[in-house]
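A.B. asks: Provided below: start_9.cif, containing mmCIF, C-alpha atoms.
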data_entry
#
loop_
_atom_site.group_PDB
_atom_site.id
_atom_site.type_symbol
_atom_site.label_atom_id
_atom_site.label_comp_id
_atom_site.auth_asym_id
_atom_site.auth_seq_id
_atom_site.Cartn_x
_atom_site.Cartn_y
_atom_site.Cartn_z
ATOM 1 C CA MET A 512 14.551 -20.889 17.450
ATOM 2 C CA ARG A 513 12.084 -22.517 15.068
ATOM 3 C CA TYR A 514 14.590 -25.233 14.163
ATOM 4 C CA SER A 515 15.251 -26.073 17.802
ATOM 5 C CA LEU A 516 11.501 -26.380 18.467
ATOM 6 C CA ILE A 517 11.110 -28.759 15.532
ATOM 7 C CA ALA A 518 14.131 -30.745 16.658
ATOM 8 C CA ALA A 519 12.759 -30.927 20.209
ATOM 9 C CA VAL A 520 9.360 -32.181 19.019
ATOM 10 C CA ALA A 521 11.054 -34.751 16.792
ATOM 11 C CA ALA A 522 13.250 -35.925 19.660
ATOM 12 C CA MET A 523 10.308 -36.190 22.080
ATOM 13 C CA THR A 524 8.314 -38.139 19.517
ATOM 14 C CA ALA A 525 11.190 -40.539 18.953
ATOM 15 C CA LEU A 526 11.832 -41.009 22.671
ATOM 16 C CA SER A 527 8.167 -41.551 23.512
ATOM 17 C CA GLY A 528 7.896 -44.474 21.142
ATOM 18 C CA CYS A 529 5.209 -42.782 19.088
ATOM 19 C CA VAL A 530 5.117 -43.652 15.465
ATOM 20 C CA VAL A 531 4.027 -41.006 13.065
ATOM 21 C CA PRO A 532 2.494 -42.631 10.006
ATOM 22 C CA VAL A 533 3.953 -41.483 6.728
ATOM 23 C CA THR A 534 1.726 -41.583 3.710
ATOM 24 C CA ALA A 535 2.882 -41.294 0.156
ATOM 25 C CA PRO A 536 1.444 -38.451 -1.889
ATOM 26 C CA VAL A 537 -1.425 -39.418 -4.112
ATOM 27 C CA PRO A 538 -0.335 -39.239 -7.750
ATOM 28 C CA THR A 539 -2.360 -36.879 -9.883
ATOM 29 C CA ALA A 540 -2.842 -36.767 -13.613
ATOM 30 C CA PRO A 541 -1.045 -33.968 -15.426
ATOM 31 C CA THR A 542 -3.159 -30.940 -16.161
ATOM 32 C CA PRO A 543 -4.038 -30.859 -19.851
ATOM 33 C CA VAL A 544 -3.347 -27.740 -21.857
ATOM 34 C CA PRO A 545 -6.613 -25.800 -22.112
ATOM 35 C CA GLY A 546 -8.244 -26.182 -25.473
ATOM 36 C CA THR A 547 -6.501 -29.424 -26.426
ATOM 37 C CA ALA A 548 -8.684 -32.072 -24.791
ATOM 38 C CA GLY A 549 -10.112 -34.399 -27.378
ATOM 39 C CA LEU A 550 -7.460 -33.702 -29.980
ATOM 40 C CA THR A 551 -5.039 -36.348 -31.120
ATOM 41 C CA PRO A 552 -1.341 -35.831 -30.413
ATOM 42 C CA ALA A 553 -0.797 -35.356 -34.151
ATOM 43 C CA GLN A 554 -3.436 -32.593 -34.245
ATOM 44 C CA ARG A 555 -1.811 -30.830 -31.288
ATOM 45 C CA VAL A 556 1.596 -30.967 -32.962
ATOM 46 C CA ALA A 557 0.152 -29.748 -36.264
ATOM 47 C CA ALA A 558 -1.633 -26.829 -34.572
ATOM 48 C CA ARG A 559 1.539 -25.945 -32.653
ATOM 49 C CA ASN A 560 3.538 -25.961 -35.888
ATOM 50 C CA VAL A 561 1.066 -23.644 -37.635
ATOM 51 C CA ILE A 562 1.067 -21.220 -34.702
ATOM 52 C CA ASN A 563 4.853 -21.334 -34.387
ATOM 53 C CA ALA A 564 5.262 -20.614 -38.112
ATOM 54 C CA GLU A 565 2.899 -17.638 -37.909
ATOM 55 C CA MET A 566 4.629 -16.281 -34.817
ATOM 56 C CA GLY A 567 7.969 -16.710 -36.587
ATOM 57 C CA LYS A 568 6.750 -14.538 -39.467
ATOM 58 C CA ARG A 569 5.825 -11.782 -37.027
ATOM 59 C CA LEU A 570 8.894 -12.137 -34.809
ATOM 60 C CA PRO A 571 11.813 -13.097 -37.082
ATOM 61 C CA GLY A 572 14.946 -14.183 -35.276
ATOM 62 C CA VAL A 573 13.137 -14.620 -31.947
ATOM 63 C CA ASN A 574 12.524 -17.859 -30.069
ATOM 64 C CA THR A 575 8.779 -18.025 -30.653
ATOM 65 C CA GLN A 576 8.124 -21.109 -28.533
ATOM 66 C CA PRO A 577 6.997 -19.153 -25.418
ATOM 67 C CA TYR A 578 4.715 -16.994 -27.551
ATOM 68 C CA THR A 579 3.304 -20.078 -29.237
ATOM 69 C CA ASP A 580 2.574 -21.533 -25.794
ATOM 70 C CA CYS A 581 0.552 -18.411 -24.946
ATOM 71 C CA VAL A 582 -1.528 -18.811 -28.085
ATOM 72 C CA LEU A 583 -2.022 -22.535 -27.469
ATOM 73 C CA SER A 584 -3.133 -21.923 -23.893
ATOM 74 C CA ASN A 585 -5.853 -19.562 -25.055
ATOM 75 C CA ALA A 586 -7.136 -21.435 -28.107
ATOM 76 C CA SER A 587 -10.372 -23.381 -28.014
ATOM 77 C CA MET A 588 -10.523 -27.006 -29.070
ATOM 78 C CA ALA A 589 -12.351 -25.978 -32.244
ATOM 79 C CA GLU A 590 -9.627 -23.446 -33.067
ATOM 80 C CA MET A 591 -6.943 -26.041 -32.453
ATOM 81 C CA ALA A 592 -8.751 -28.479 -34.740
ATOM 82 C CA ASP A 593 -9.044 -25.767 -37.406
ATOM 83 C CA LEU A 594 -5.322 -25.006 -37.166
ATOM 84 C CA ALA A 595 -4.521 -28.706 -37.432
ATOM 85 C CA ALA A 596 -6.738 -28.884 -40.516
ATOM 86 C CA ILE A 597 -4.898 -25.919 -42.023
ATOM 87 C CA ALA A 598 -1.633 -27.759 -41.434
ATOM 88 C CA ALA A 599 -3.103 -30.763 -43.229
ATOM 89 C CA GLY A 600 -3.900 -28.621 -46.276
ATOM 90 C CA ALA A 601 -7.423 -27.419 -45.583
ATOM 91 C CA THR A 602 -8.328 -24.077 -46.997
ATOM 92 C CA GLY A 603 -8.361 -21.345 -44.445
ATOM 93 C CA GLY A 604 -6.202 -18.566 -43.251
ATOM 94 C CA ALA A 605 -3.656 -19.420 -40.613
ATOM 95 C CA PRO A 606 -2.743 -15.734 -40.162
ATOM 96 C CA ASP A 607 -6.350 -14.787 -39.409
ATOM 97 C CA ALA A 608 -6.894 -17.787 -37.132
ATOM 98 C CA VAL A 609 -3.778 -17.063 -35.077
ATOM 99 C CA ALA A 610 -4.483 -13.317 -35.007
ATOM 100 C CA ALA A 611 -7.964 -13.940 -33.592
ATOM 101 C CA ILE A 612 -6.457 -15.856 -30.659
ATOM 102 C CA VAL A 613 -3.647 -13.337 -30.145
ATOM 103 C CA LYS A 614 -6.169 -10.460 -29.864
ATOM 104 C CA ARG A 615 -7.763 -11.935 -26.746
ATOM 105 C CA PRO A 616 -6.892 -10.121 -23.516
ATOM 106 C CA ALA A 617 -5.597 -13.273 -21.812
ATOM 107 C CA THR A 618 -3.340 -14.075 -24.771
ATOM 108 C CA THR A 619 -2.092 -10.511 -24.972
ATOM 109 C CA GLN A 620 -1.287 -10.497 -21.249
ATOM 110 C CA CYS A 621 0.573 -13.796 -21.541
ATOM 111 C CA ILE A 622 2.596 -12.512 -24.507
ATOM 112 C CA ALA A 623 3.414 -9.306 -22.624
ATOM 113 C CA LYS A 624 4.745 -11.335 -19.687
ATOM 114 C CA VAL A 625 6.863 -13.463 -22.004
ATOM 115 C CA ALA A 626 8.218 -10.363 -23.755
ATOM 116 C CA ALA A 627 9.093 -8.742 -20.433
ATOM 117 C CA THR A 628 11.226 -11.712 -19.417
ATOM 118 C CA ALA A 629 12.924 -12.112 -22.811
#
Turn the structure described in the file into structure tokens.
C.D. replies:
Amino acid sequence: MRYSLIAAVAAMTALSGCVVPVTAPVPTAPTPVPGTAGLTPAQRVAARNVINAEMGKRLPGVNTQPYTDCVLSNASMAEMADLAAIAAGATGGAPDAVAAIVKRPATTQCIAKVAATA
């Protein structure tokens, strides 16, 4: 019934000589990952590598990429910069830095969702 109504409206519009303007969608910029604005691509990759390595230690044999994404999504820019600095050889504890982000309710919920679908 719905299809026939749409087809009838389309046919009437075509027969009446009406022209329906078609506009192209307006392109939008991709949404940046929270906490990564202002970081260089190299810093983001370095922070991701540190997080992924720490998650790999805690979850051996598991694809840690989805878990890493949860941590990245809930890290602040300062935390990301700190993790990138750790990757570059700065003193600091990657385990403690990652654990602090993982303990947040939003991160924990994200990890639980990932674990449920794994």
A.B. asks: One decimal, in Å: what's the spacing between CA of Arg555 in chain A and CA of Leu583 in chain A?
C.D. replies: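 Straight-line distance from CA of Arg555 in chain A to CA of Leu583 in chain A works out to 9.1 Å.
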A.B. asks: Using only C-alpha atoms, pick whichever of A:Ala617, A:Val556, A:Val625, A:Ala596 has the shortest atom-to-atom distance to Ser584 in chain A.
C.D. replies: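 Using only C-alpha atoms, the shortest distance to Ser584 in chain A belongs to A:Ala617.
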A.B. asks: Of the residues A:Thr628, A:Ala592, A:Gln554, A:Asn585, which is the one nearest to Ile612 in chain A, using all atoms listed in the file?
C.D. replies: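 Once distances to Ile612 in chain A are computed over all atoms listed in the file, the minimum belongs to A:Asn585.
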A.B. asks: Using the chain letters and residue numbers of this document, give as a list of chain:residue names the residues selected by the PyMOL selection byres ((chain A and resi 629) around 12).
C.D. replies: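 On this input, the PyMOL selection byres ((chain A and resi 629) around 12) captures A:Val573, A:Asn574, A:Thr575, A:Gln576, A:Pro577, A:Tyr578, A:Ile622, A:Ala623, A:Lys624, A:Val625, A:Ala626, A:Ala627, A:Thr628.
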A.B. asks: Write a file of the just-selected residues containing C-alpha atoms, as a short mmCIF file (atom, residue, chain, number, x, y, z; two decimals), in the coordinates of the input.
C.D. replies:
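Saved as out_14.cif:
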data_model
loop_
_atom_site.label_atom_id
_atom_site.label_comp_id
_atom_site.auth_asym_id
_atom_site.auth_seq_id
_atom_site.Cartn_x
_atom_site.Cartn_y
_atom_site.Cartn_z
CA VAL A 573 13.14 -14.62 -31.95
CA ASN A 574 12.52 -17.86 -30.07
CA THR A 575 8.78 -18.02 -30.65
CA GLN A 576 8.12 -21.11 -28.53
CA PRO A 577 7.00 -19.15 -25.42
CA TYR A 578 4.72 -16.99 -27.55
CA ILE A 622 2.60 -12.51 -24.51
CA ALA A 623 3.41 -9.31 -22.62
CA LYS A 624 4.74 -11.34 -19.69
CA VAL A 625 6.86 -13.46 -22.00
CA ALA A 626 8.22 -10.36 -23.76
CA ALA A 627 9.09 -8.74 -20.43
CA THR A 628 11.23 -11.71 -19.42
#
A.B. asks: For CA of Ile597 in chain A and CA of Gly567 in chain A, quote the distance in Å rounded to one decimal.
C.D. replies: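 So the two atoms, CA of Ile597 in chain A and CA of Gly567 in chain A, lie 16.7 Å apart.
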A.B. asks: In Å, with one decimal, what is the gap from CA of Pro552 in chain A to CA of Ala589 in chain A?
C.D. replies: 14.9 Å
A.B. asks: Compare A:Ala611, A:Cys621, A:Thr551, A:Val582 by their minimum atom-to-atom distance to Met566 in chain A, counting all atoms listed in the file, and give me the closest one.
C.D. replies: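 Closest candidate: A:Val582.
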A.B. asks: From the set A:Asp593, A:Val609, A:Gly604, A:Thr619, which residue has the shortest atom-to-atom contact distance to Asn563 in chain A, counting all atoms listed in the file?
C.D. replies: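 When distances to Asn563 in chain A are compared using all atoms listed in the file, the smallest one comes from A:Val609.
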A.B. asks: Check what the PyMOL selection byres ((chain A and resi 606) around 10) selects in the file above and give those residues as number ranges by chain.
C.D. replies: A: 561-562, 564-566, 568-569, 603-605, 607-611
A.B. asks: Would you mind exporting the chosen residues as a PDB file, in the frame of the given file, restricted to C-alpha atoms?
C.D. replies:
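Final output, result.pdb:
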ATOM      1  CA  VAL A 561       1.066 -23.644 -37.635  1.00  0.00           C
ATOM      2  CA  ILE A 562       1.067 -21.220 -34.702  1.00  0.00           C
ATOM      3  CA  ALA A 564       5.262 -20.614 -38.112  1.00  0.00           C
ATOM      4  CA  GLU A 565       2.899 -17.638 -37.909  1.00  0.00           C
ATOM      5  CA  MET A 566       4.629 -16.281 -34.817  1.00  0.00           C
ATOM      6  CA  LYS A 568       6.750 -14.538 -39.467  1.00  0.00           C
ATOM      7  CA  ARG A 569       5.825 -11.782 -37.027  1.00  0.00           C
ATOM      8  CA  GLY A 603      -8.361 -21.345 -44.445  1.00  0.00           C
ATOM      9  CA  GLY A 604      -6.202 -18.566 -43.251  1.00  0.00           C
ATOM     10  CA  ALA A 605      -3.656 -19.420 -40.613  1.00  0.00           C
ATOM     11  CA  ASP A 607      -6.350 -14.787 -39.409  1.00  0.00           C
ATOM     12  CA  ALA A 608      -6.894 -17.787 -37.132  1.00  0.00           C
ATOM     13  CA  VAL A 609      -3.778 -17.063 -35.077  1.00  0.00           C
ATOM     14  CA  ALA A 610      -4.483 -13.317 -35.007  1.00  0.00           C
ATOM     15  CA  ALA A 611      -7.964 -13.940 -33.592  1.00  0.00           C
TER      16      ALA A 611
END
